[in-house]
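A.B. asks: Data: structure-v5.cif, mmCIF, C-alpha atoms.
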data_input
#
loop_
_atom_site.group_PDB
_atom_site.id
_atom_site.type_symbol
_atom_site.label_atom_id
_atom_site.label_comp_id
_atom_site.auth_asym_id
_atom_site.auth_seq_id
_atom_site.Cartn_x
_atom_site.Cartn_y
_atom_site.Cartn_z
ATOM 1 C CA MET A 1 8.984 -11.716 -33.657
ATOM 2 C CA ASP A 2 9.756 -8.520 -31.789
ATOM 3 C CA ALA A 3 13.188 -7.620 -30.406
ATOM 4 C CA LEU A 4 12.197 -8.333 -26.789
ATOM 5 C CA SER A 5 10.966 -11.823 -27.649
ATOM 6 C CA ALA A 6 14.096 -12.515 -29.708
ATOM 7 C CA LEU A 7 16.272 -11.419 -26.783
ATOM 8 C CA ALA A 8 14.271 -13.633 -24.406
ATOM 9 C CA ASP A 9 14.890 -16.555 -26.806
ATOM 10 C CA ARG A 10 18.640 -15.936 -26.720
ATOM 11 C CA ILE A 11 18.635 -15.671 -22.921
ATOM 12 C CA ASP A 12 16.491 -18.800 -22.536
ATOM 13 C CA GLU A 13 18.964 -20.751 -24.697
ATOM 14 C CA GLN A 14 21.685 -20.005 -22.126
ATOM 15 C CA LEU A 15 19.693 -21.085 -19.060
ATOM 16 C CA PRO A 16 20.145 -24.648 -17.772
ATOM 17 C CA GLN A 17 16.449 -25.538 -18.229
ATOM 18 C CA THR A 18 16.194 -27.250 -14.848
ATOM 19 C CA GLN A 19 12.820 -25.462 -14.397
ATOM 20 C CA CYS A 20 13.613 -25.320 -10.661
ATOM 21 C CA ARG A 21 11.892 -21.976 -9.894
ATOM 22 C CA ARG A 22 14.717 -20.858 -7.597
ATOM 23 C CA CYS A 23 14.931 -17.663 -9.659
ATOM 24 C CA GLY A 24 11.444 -16.749 -8.454
ATOM 25 C CA TYR A 25 9.744 -17.497 -11.784
ATOM 26 C CA ASP A 26 7.628 -20.508 -12.800
ATOM 27 C CA ALA A 27 10.214 -21.804 -15.267
ATOM 28 C CA CYS A 28 13.318 -20.815 -17.189
ATOM 29 C CA ARG A 29 11.405 -19.102 -20.018
ATOM 30 C CA PRO A 30 9.512 -16.634 -17.775
ATOM 31 C CA TYR A 31 12.820 -15.794 -16.084
ATOM 32 C CA ALA A 32 14.403 -15.180 -19.503
ATOM 33 C CA GLU A 33 11.501 -12.905 -20.427
ATOM 34 C CA ALA A 34 11.906 -10.974 -17.157
ATOM 35 C CA ILE A 35 15.630 -10.514 -17.807
ATOM 36 C CA ALA A 36 14.923 -9.339 -21.363
ATOM 37 C CA ALA A 37 12.344 -6.849 -20.073
ATOM 38 C CA GLY A 38 14.753 -5.532 -17.430
ATOM 39 C CA GLU A 39 12.570 -6.835 -14.589
ATOM 40 C CA ALA A 40 15.108 -9.344 -13.220
ATOM 41 C CA ASP A 41 18.873 -9.511 -12.996
ATOM 42 C CA VAL A 42 21.015 -12.269 -14.507
ATOM 43 C CA ASN A 43 22.253 -13.514 -11.113
ATOM 44 C CA ARG A 44 19.222 -15.520 -9.953
ATOM 45 C CA CYS A 45 20.047 -18.989 -11.380
ATOM 46 C CA PRO A 46 21.927 -21.216 -8.901
ATOM 47 C CA PRO A 47 21.922 -24.265 -11.223
ATOM 48 C CA GLY A 48 23.580 -22.176 -13.925
ATOM 49 C CA GLY A 49 26.104 -20.798 -11.460
ATOM 50 C CA THR A 50 28.684 -18.176 -12.323
ATOM 51 C CA ALA A 51 29.253 -19.566 -15.830
ATOM 52 C CA THR A 52 25.644 -18.878 -16.857
ATOM 53 C CA LEU A 53 25.697 -15.544 -15.037
ATOM 54 C CA ARG A 54 28.786 -14.432 -16.976
ATOM 55 C CA THR A 55 27.369 -15.681 -20.279
ATOM 56 C CA LEU A 56 24.152 -13.736 -19.722
ATOM 57 C CA ALA A 57 26.051 -10.597 -18.671
ATOM 58 C CA ARG A 58 28.144 -10.807 -21.873
ATOM 59 C CA LEU A 59 25.021 -11.369 -23.950
ATOM 60 C CA LEU A 60 23.464 -8.238 -22.453
ATOM 61 C CA ASP A 61 26.736 -6.298 -22.567
ATOM 62 C CA ARG A 62 26.765 -5.457 -18.883
ATOM 63 C CA PRO A 63 28.983 -6.252 -15.885
ATOM 64 C CA ALA A 64 28.290 -9.559 -14.165
ATOM 65 C CA PRO A 65 26.882 -9.018 -10.670
ATOM 66 C CA PRO A 66 27.623 -11.512 -7.887
ATOM 67 C CA LEU A 67 25.457 -14.618 -7.845
ATOM 68 C CA ASP A 68 22.399 -14.215 -5.598
ATOM 69 C CA THR A 69 23.123 -17.068 -3.163
ATOM 70 C CA SER A 70 19.888 -16.415 -1.248
ATOM 71 C CA ARG A 71 18.297 -18.498 -4.030
ATOM 72 C CA GLY A 72 20.673 -21.416 -3.516
ATOM 73 C CA THR A 73 24.275 -22.185 -4.182
ATOM 74 C CA PRO A 74 25.701 -23.740 -7.317
ATOM 75 C CA GLY A 75 27.177 -27.178 -7.095
ATOM 76 C CA PRO A 76 27.370 -30.504 -8.825
ATOM 77 C CA LEU A 77 24.195 -31.961 -10.281
ATOM 78 C CA ARG A 78 22.116 -33.887 -7.783
ATOM 79 C CA VAL A 79 19.193 -36.115 -8.722
ATOM 80 C CA ALA A 80 16.136 -37.264 -6.821
ATOM 81 C CA CYS A 81 15.971 -40.807 -5.454
ATOM 82 C CA ILE A 82 12.822 -42.401 -4.054
ATOM 83 C CA ASP A 83 12.951 -44.835 -1.128
ATOM 84 C CA GLU A 84 10.859 -47.606 -2.662
ATOM 85 C CA SER A 85 9.979 -49.149 0.697
ATOM 86 C CA ALA A 86 8.461 -45.873 1.930
ATOM 87 C CA CYS A 87 6.706 -44.702 -1.261
ATOM 88 C CA ILE A 88 2.901 -44.845 -0.940
ATOM 89 C CA GLY A 89 2.142 -44.115 -4.596
ATOM 90 C CA CYS A 90 0.404 -40.793 -4.007
ATOM 91 C CA THR A 91 1.605 -39.353 -7.385
ATOM 92 C CA LEU A 92 2.272 -35.917 -5.847
ATOM 93 C CA CYS A 93 5.915 -36.088 -6.930
ATOM 94 C CA ILE A 94 4.883 -36.980 -10.478
ATOM 95 C CA ALA A 95 2.600 -33.947 -10.572
ATOM 96 C CA ALA A 96 5.415 -31.723 -9.251
ATOM 97 C CA CYS A 97 8.160 -32.879 -11.610
ATOM 98 C CA PRO A 98 8.491 -30.255 -14.367
ATOM 99 C CA VAL A 99 10.489 -32.498 -16.720
ATOM 100 C CA ASP A 100 8.604 -35.818 -16.472
ATOM 101 C CA ALA A 101 11.495 -37.612 -14.784
ATOM 102 C CA ILE A 102 9.313 -39.582 -12.330
ATOM 103 C CA ILE A 103 7.271 -42.592 -13.328
ATOM 104 C CA GLY A 104 4.685 -44.603 -11.420
ATOM 105 C CA ALA A 105 0.968 -44.993 -10.919
ATOM 106 C CA GLN A 106 -1.595 -44.301 -8.206
ATOM 107 C CA LYS A 107 -0.962 -46.562 -5.190
ATOM 108 C CA ARG A 108 2.133 -48.032 -6.863
ATOM 109 C CA MET A 109 5.756 -47.346 -6.108
ATOM 110 C CA HIS A 110 7.310 -44.520 -8.116
ATOM 111 C CA ALA A 111 10.812 -44.260 -9.538
ATOM 112 C CA VAL A 112 13.020 -41.447 -10.780
ATOM 113 C CA LEU A 113 14.576 -41.730 -14.220
ATOM 114 C CA THR A 114 17.880 -40.264 -13.071
ATOM 115 C CA SER A 115 19.056 -39.659 -16.632
ATOM 116 C CA LEU A 116 16.134 -37.226 -17.034
ATOM 117 C CA CYS A 117 16.155 -35.628 -13.568
ATOM 118 C CA SER A 118 17.194 -31.958 -13.627
ATOM 119 C CA GLY A 119 17.821 -31.792 -9.880
ATOM 120 C CA CYS A 120 15.132 -29.148 -9.391
ATOM 121 C CA GLU A 121 14.051 -30.603 -6.008
ATOM 122 C CA LEU A 122 10.389 -29.694 -6.665
ATOM 123 C CA CYS A 123 9.319 -33.277 -5.907
ATOM 124 C CA ILE A 124 10.583 -33.175 -2.304
ATOM 125 C CA ALA A 125 8.137 -30.751 -0.658
ATOM 126 C CA PRO A 126 4.865 -32.403 -1.778
ATOM 127 C CA CYS A 127 5.939 -35.913 -0.672
ATOM 128 C CA PRO A 128 3.813 -36.712 2.415
ATOM 129 C CA VAL A 129 6.128 -39.474 3.627
ATOM 130 C CA ASP A 130 9.496 -37.795 2.997
ATOM 131 C CA CYS A 131 10.741 -40.666 0.860
ATOM 132 C CA ILE A 132 12.654 -38.521 -1.660
ATOM 133 C CA VAL A 133 16.264 -37.493 -1.191
ATOM 134 C CA MET A 134 18.768 -35.800 -3.457
ATOM 135 C CA ARG A 135 21.946 -37.712 -4.324
ATOM 136 C CA PRO A 136 24.999 -36.797 -6.401
ATOM 137 C CA ALA A 137 24.333 -37.514 -10.063
ATOM 138 C CA GLU A 138 27.995 -38.302 -10.721
ATOM 139 C CA ARG A 139 27.675 -36.616 -14.100
ATOM 140 C CA GLU A 140 27.506 -33.079 -15.444
ATOM 141 C CA TRP A 141 24.349 -31.342 -16.670
ATOM 142 C CA THR A 142 25.082 -30.757 -20.353
ATOM 143 C CA ALA A 143 23.687 -28.514 -23.074
ATOM 144 C CA SER A 144 21.964 -31.550 -24.595
ATOM 145 C CA ASP A 145 20.390 -32.306 -21.179
ATOM 146 C CA ALA A 146 19.078 -28.728 -21.118
ATOM 147 C CA ILE A 147 17.583 -29.023 -24.601
ATOM 148 C CA ALA A 148 15.921 -32.345 -23.757
ATOM 149 C CA ALA A 149 14.613 -30.985 -20.438
ATOM 150 C CA ARG A 150 13.133 -27.921 -22.180
ATOM 151 C CA THR A 151 11.422 -30.210 -24.706
ATOM 152 C CA ARG A 152 9.942 -32.425 -21.968
ATOM 153 C CA PHE A 153 8.852 -29.340 -20.004
ATOM 154 C CA ASP A 154 7.156 -27.835 -23.070
ATOM 155 C CA GLN A 155 5.423 -31.139 -23.853
ATOM 156 C CA ARG A 156 4.240 -31.419 -20.245
ATOM 157 C CA GLN A 157 2.890 -27.859 -20.348
ATOM 158 C CA ALA A 158 1.077 -28.597 -23.624
ATOM 159 C CA ARG A 159 -0.508 -31.732 -22.099
ATOM 160 C CA ARG A 160 -1.596 -29.784 -19.029
ATOM 161 C CA THR A 161 -3.064 -27.007 -21.167
ATOM 162 C CA ALA A 162 -4.924 -29.522 -23.342
ATOM 163 C CA SER A 163 -6.169 -31.376 -20.257
ATOM 164 C CA ALA A 164 -7.398 -28.139 -18.660
ATOM 165 C CA ALA A 165 -9.158 -27.160 -21.904
ATOM 166 C CA ALA A 166 -10.789 -30.585 -22.165
ATOM 167 C CA LYS A 167 -11.943 -30.307 -18.545
ATOM 168 C CA ARG A 168 -13.394 -26.822 -19.178
ATOM 169 C CA ASP A 169 -15.154 -28.123 -22.296
ATOM 170 C CA ALA A 170 -16.598 -31.086 -20.382
ATOM 171 C CA GLU A 171 -17.818 -28.791 -17.598
ATOM 172 C CA ALA A 172 -19.367 -26.431 -20.159
ATOM 173 C CA ARG A 173 -21.161 -29.353 -21.855
ATOM 174 C CA LYS A 174 -22.382 -30.565 -18.462
ATOM 175 C CA ARG A 175 -23.717 -27.090 -17.564
ATOM 176 C CA LYS A 176 -25.374 -26.772 -20.995
ATOM 177 C CA ALA A 177 -27.012 -30.198 -20.585
ATOM 178 C CA ALA A 178 -28.240 -29.260 -17.085
ATOM 179 C CA VAL A 179 -29.743 -26.002 -18.408
ATOM 180 C CA ALA A 180 -31.386 -27.865 -21.336
ATOM 181 C CA ALA A 181 -32.823 -30.431 -18.921
ATOM 182 C CA ALA A 182 -34.162 -27.663 -16.644
ATOM 183 C CA ILE A 183 -35.764 -25.926 -19.631
ATOM 184 C CA GLU A 184 -37.337 -29.189 -20.757
ATOM 185 C CA ARG A 185 -38.744 -29.802 -17.236
ATOM 186 C CA ALA A 186 -40.155 -26.262 -17.190
ATOM 187 C CA ARG A 187 -41.816 -26.801 -20.593
ATOM 188 C CA ALA A 188 -43.274 -30.092 -19.449
ATOM 189 C CA ARG A 189 -44.733 -28.427 -16.326
ATOM 190 C CA ARG A 190 -46.166 -25.591 -18.430
ATOM 191 C CA ASN A 191 -47.691 -28.045 -20.893
ATOM 192 C CA GLY A 192 -49.134 -30.042 -18.012
ATOM 193 C CA LEU A 193 -50.715 -26.908 -16.536
ATOM 194 C CA ALA A 194 -52.030 -25.800 -19.939
ATOM 195 C CA ASN A 195 -53.636 -29.185 -20.570
ATOM 196 C CA ALA A 196 -55.260 -29.322 -17.114
#
Write the structure described by the file as structure tokens, please.
C.D. replies:
Amino acid sequence: MDALSALADRIDEQLPQTQCRRCGYDACRPYAEAIAAGEADVNRCPPGGTATLRTLARLLDRPAPPLDTSRGTPGPLRVACIDESACIGCTLCIAACPVDAIIGAQKRMHAVLTSLCSGCELCIAPCPVDCIVMRPAEREWTASDAIAARTRFDQRQARRTASAAAKRDAEARKRKAAVAAAIERARARRNGLANA
């Protein structure tokens, strides 16, 4: 492991792992890598607030800049809640949730597992019926929550990668079968012409 990757690991360990994208990156790990590479400052994580900002500044042995509040303001943990009477079961919120905190099935009511919700708010925008609201969690986001959220996020990413690979493989097999069938038809036509 090179020094840059090791530094990114240490930075990532300090991030809250909400995977909220408010920092401008697709997840906490890419943000950690950008900080390690000097491409992003340590002040872009509203869920982490000033405590995370100061920890990262100390880790990098630099002064802590002010928190970039254009990306959101820190505050108590809030979790998503779905209005069951309005939910149409579209599964868009399930697809958007980076930590697998929403359960449900197509055309069935969905529910948020509030103990797993990181408060990222990524489920709100795709909901076509605006049935998701954020409510106070009435608990703190802990280091063990962050570790569990990172694990669920990594598992979700692995499933998505495997699913995409399986889809590519299936499409490749389908194309190969179509080409083989076309070749076979061409041979049959040639043989028919040769025998005529």
A.B. asks: Determine the nearest neighbour of A:Pro30 from the options A:Ser163, A:Gln17, A:Gly75, A:Leu59, counting all atoms listed in the file.
C.D. replies: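 Closest residue, counting all atoms listed in the file: A:Gln17.
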A.B. asks: Under the PyMOL selection byres ((chain A and resi 86) around 9), which residues of this model are included? Write them out as JSON, numbers by chain.
C.D. replies: {"A": [82, 83, 84, 85, 87, 88, 109, 129, 130, 131]}
A.B. asks: Just how far from atom CA of A:Gly104 is atom CA of A:Ile124, in Å to one decimal?
C.D. replies: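 Computing it gives 15.8 Å between the two atoms.
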A.B. asks: So what do you get for atom CA of A:Cys127 versus atom CA of A:Ser115, distance-wise?
C.D. replies: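 It comes out at 21.0 Å.
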A.B. asks: Fewer than 3 positions away in the same chain doesn't count, so skip those; otherwise give me all residues within 10 Å of stretch 34-47 of chain A, counting all atoms listed in the file, as number ranges by chain.
C.D. replies: A: 3-12, 15-25, 28-31, 50-57, 60, 62, 64-77, 118-120, 141
A.B. asks: Selection from above, C-alpha atoms, as a JSON list (two decimals), keeping the file's coordinate frame, can you write it?
C.D. replies:
[["chain", "number", "residue", "atom", "x", "y", "z"],
["A", 3, "ALA", "CA", 13.19, -7.62, -30.41],
["A", 4, "LEU", "CA", 12.20, -8.33, -26.79],
["A", 5, "SER", "CA", 10.97, -11.82, -27.65],
["A", 6, "ALA", "CA", 14.10, -12.52, -29.71],
["A", 7, "LEU", "CA", 16.27, -11.42, -26.78],
["A", 8, "ALA", "CA", 14.27, -13.63, -24.41],
["A", 9, "ASP", "CA", 14.89, -16.56, -26.81],
["A", 10, "ARG", "CA", 18.64, -15.94, -26.72],
["A", 11, "ILE", "CA", 18.64, -15.67, -22.92],
["A", 12, "ASP", "CA", 16.49, -18.80, -22.54],
["A", 15, "LEU", "CA", 19.69, -21.08, -19.06],
["A", 16, "PRO", "CA", 20.14, -24.65, -17.77],
["A", 17, "GLN", "CA", 16.45, -25.54, -18.23],
["A", 18, "THR", "CA", 16.19, -27.25, -14.85],
["A", 19, "GLN", "CA", 12.82, -25.46, -14.40],
["A", 20, "CYS", "CA", 13.61, -25.32, -10.66],
["A", 21, "ARG", "CA", 11.89, -21.98, -9.89],
["A", 22, "ARG", "CA", 14.72, -20.86, -7.60],
["A", 23, "CYS", "CA", 14.93, -17.66, -9.66],
["A", 24, "GLY", "CA", 11.44, -16.75, -8.45],
["A", 25, "TYR", "CA", 9.74, -17.50, -11.78],
["A", 28, "CYS", "CA", 13.32, -20.82, -17.19],
["A", 29, "ARG", "CA", 11.40, -19.10, -20.02],
["A", 30, "PRO", "CA", 9.51, -16.63, -17.77],
["A", 31, "TYR", "CA", 12.82, -15.79, -16.08],
["A", 50, "THR", "CA", 28.68, -18.18, -12.32],
["A", 51, "ALA", "CA", 29.25, -19.57, -15.83],
["A", 52, "THR", "CA", 25.64, -18.88, -16.86],
["A", 53, "LEU", "CA", 25.70, -15.54, -15.04],
["A", 54, "ARG", "CA", 28.79, -14.43, -16.98],
["A", 55, "THR", "CA", 27.37, -15.68, -20.28],
["A", 56, "LEU", "CA", 24.15, -13.74, -19.72],
["A", 57, "ALA", "CA", 26.05, -10.60, -18.67],
["A", 60, "LEU", "CA", 23.46, -8.24, -22.45],
["A", 62, "ARG", "CA", 26.76, -5.46, -18.88],
["A", 64, "ALA", "CA", 28.29, -9.56, -14.16],
["A", 65, "PRO", "CA", 26.88, -9.02, -10.67],
["A", 66, "PRO", "CA", 27.62, -11.51, -7.89],
["A", 67, "LEU", "CA", 25.46, -14.62, -7.84],
["A", 68, "ASP", "CA", 22.40, -14.22, -5.60],
["A", 69, "THR", "CA", 23.12, -17.07, -3.16],
["A", 70, "SER", "CA", 19.89, -16.42, -1.25],
["A", 71, "ARG", "CA", 18.30, -18.50, -4.03],
["A", 72, "GLY", "CA", 20.67, -21.42, -3.52],
["A", 73, "THR", "CA", 24.28, -22.18, -4.18],
["A", 74, "PRO", "CA", 25.70, -23.74, -7.32],
["A", 75, "GLY", "CA", 27.18, -27.18, -7.10],
["A", 76, "PRO", "CA", 27.37, -30.50, -8.82],
["A", 77, "LEU", "CA", 24.20, -31.96, -10.28],
["A", 118, "SER", "CA", 17.19, -31.96, -13.63],
["A", 119, "GLY", "CA", 17.82, -31.79, -9.88],
["A", 120, "CYS", "CA", 15.13, -29.15, -9.39],
["A", 141, "TRP", "CA", 24.35, -31.34, -16.67]]
A.B. asks: Find the residue from A:Ala80, A:Cys90, A:Ala186, A:Ala105 that sits nearest to A:Glu121; use all atoms listed in the file when measuring.
C.D. replies: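 Counting all atoms listed in the file, the residue closest to A:Glu121 is A:Ala80.
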A.B. asks: So which residues touch stretch 149-154 of chain A within 6 Å, counting only C-alpha atoms, skipping near sequence neighbours fewer than 3 positions away, as number ranges by chain?
C.D. replies: A: 17, 98-99, 145-146, 157
A.B. asks: Can you work out the spacing between atom CA of A:Gln106 and atom CA of A:Cys123 in Å, to one decimal?
C.D. replies: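 Computed distance, atom CA of A:Gln106 to atom CA of A:Cys123, equals 15.7 Å.
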A.B. asks: So which one's closest to A:Ser144, A:Ala170, A:Ala101, A:Leu116, A:Ala180? Using all atoms listed in the file, please.
C.D. replies: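 Comparing A:Ala170, A:Ala101, A:Leu116, A:Ala180 against A:Ser144, the winner is A:Leu116.
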A.B. asks: List the spatial neighbours of A:Met134 as a list in words - criterion: any atom at most 7 Å away, only C-alpha atoms, same-chain residues fewer than 3 positions off excluded.
C.D. replies: Arg78, Val79, Ala80 and Cys81 of chain A
A.B. asks: Some atoms are missing, so please complete stretch 5-20 of chain A with N, CA and C atoms and return it as a PDB file, in the frame of the given file.
C.D. replies:
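The result, written out as result.pdb:
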ATOM      1  N   SER A   5      11.175 -10.370 -27.583  1.00  0.00           N
ATOM      2  CA  SER A   5      10.966 -11.823 -27.649  1.00  0.00           C
ATOM      3  C   SER A   5      12.213 -12.526 -28.180  1.00  0.00           C
ATOM      4  N   ALA A   6      12.864 -11.934 -29.159  1.00  0.00           N
ATOM      5  CA  ALA A   6      14.096 -12.515 -29.708  1.00  0.00           C
ATOM      6  C   ALA A   6      15.192 -12.529 -28.650  1.00  0.00           C
ATOM      7  N   LEU A   7      15.284 -11.461 -27.862  1.00  0.00           N
ATOM      8  CA  LEU A   7      16.272 -11.419 -26.783  1.00  0.00           C
ATOM      9  C   LEU A   7      15.949 -12.467 -25.725  1.00  0.00           C
ATOM     10  N   ALA A   8      14.676 -12.608 -25.377  1.00  0.00           N
ATOM     11  CA  ALA A   8      14.271 -13.633 -24.406  1.00  0.00           C
ATOM     12  C   ALA A   8      14.638 -15.025 -24.916  1.00  0.00           C
ATOM     13  N   ASP A   9      14.488 -15.272 -26.213  1.00  0.00           N
ATOM     14  CA  ASP A   9      14.890 -16.555 -26.806  1.00  0.00           C
ATOM     15  C   ASP A   9      16.384 -16.799 -26.594  1.00  0.00           C
ATOM     16  N   ARG A  10      17.184 -15.791 -26.862  1.00  0.00           N
ATOM     17  CA  ARG A  10      18.640 -15.936 -26.720  1.00  0.00           C
ATOM     18  C   ARG A  10      19.034 -16.150 -25.262  1.00  0.00           C
ATOM     19  N   ILE A  11      18.357 -15.482 -24.352  1.00  0.00           N
ATOM     20  CA  ILE A  11      18.635 -15.671 -22.921  1.00  0.00           C
ATOM     21  C   ILE A  11      18.218 -17.071 -22.497  1.00  0.00           C
ATOM     22  N   ASP A  12      17.017 -17.476 -22.908  1.00  0.00           N
ATOM     23  CA  ASP A  12      16.491 -18.800 -22.536  1.00  0.00           C
ATOM     24  C   ASP A  12      17.418 -19.915 -23.008  1.00  0.00           C
ATOM     25  N   GLU A  13      18.029 -19.743 -24.170  1.00  0.00           N
ATOM     26  CA  GLU A  13      18.964 -20.751 -24.697  1.00  0.00           C
ATOM     27  C   GLU A  13      20.180 -20.937 -23.790  1.00  0.00           C
ATOM     28  N   GLN A  14      20.508 -19.929 -23.003  1.00  0.00           N
ATOM     29  CA  GLN A  14      21.685 -20.005 -22.126  1.00  0.00           C
ATOM     30  C   GLN A  14      21.360 -20.550 -20.738  1.00  0.00           C
ATOM     31  N   LEU A  15      20.088 -20.590 -20.384  1.00  0.00           N
ATOM     32  CA  LEU A  15      19.693 -21.085 -19.060  1.00  0.00           C
ATOM     33  C   LEU A  15      19.742 -22.607 -19.035  1.00  0.00           C
ATOM     34  N   PRO A  16      19.953 -23.189 -17.848  1.00  0.00           N
ATOM     35  CA  PRO A  16      20.145 -24.648 -17.772  1.00  0.00           C
ATOM     36  C   PRO A  16      18.883 -25.480 -17.961  1.00  0.00           C
ATOM     37  N   GLN A  17      17.725 -24.843 -17.980  1.00  0.00           N
ATOM     38  CA  GLN A  17      16.449 -25.538 -18.229  1.00  0.00           C
ATOM     39  C   GLN A  17      16.115 -26.579 -17.164  1.00  0.00           C
ATOM     40  N   THR A  18      16.558 -26.346 -15.943  1.00  0.00           N
ATOM     41  CA  THR A  18      16.194 -27.250 -14.848  1.00  0.00           C
ATOM     42  C   THR A  18      14.762 -27.007 -14.395  1.00  0.00           C
ATOM     43  N   GLN A  19      14.197 -25.834 -14.742  1.00  0.00           N
ATOM     44  CA  GLN A  19      12.820 -25.462 -14.397  1.00  0.00           C
ATOM     45  C   GLN A  19      12.600 -25.496 -12.883  1.00  0.00           C
ATOM     46  N   CYS A  20      13.629 -25.145 -12.117  1.00  0.00           N
ATOM     47  CA  CYS A  20      13.613 -25.320 -10.661  1.00  0.00           C
ATOM     48  C   CYS A  20      12.869 -24.230  -9.898  1.00  0.00           C
TER      49      CYS A  20
END
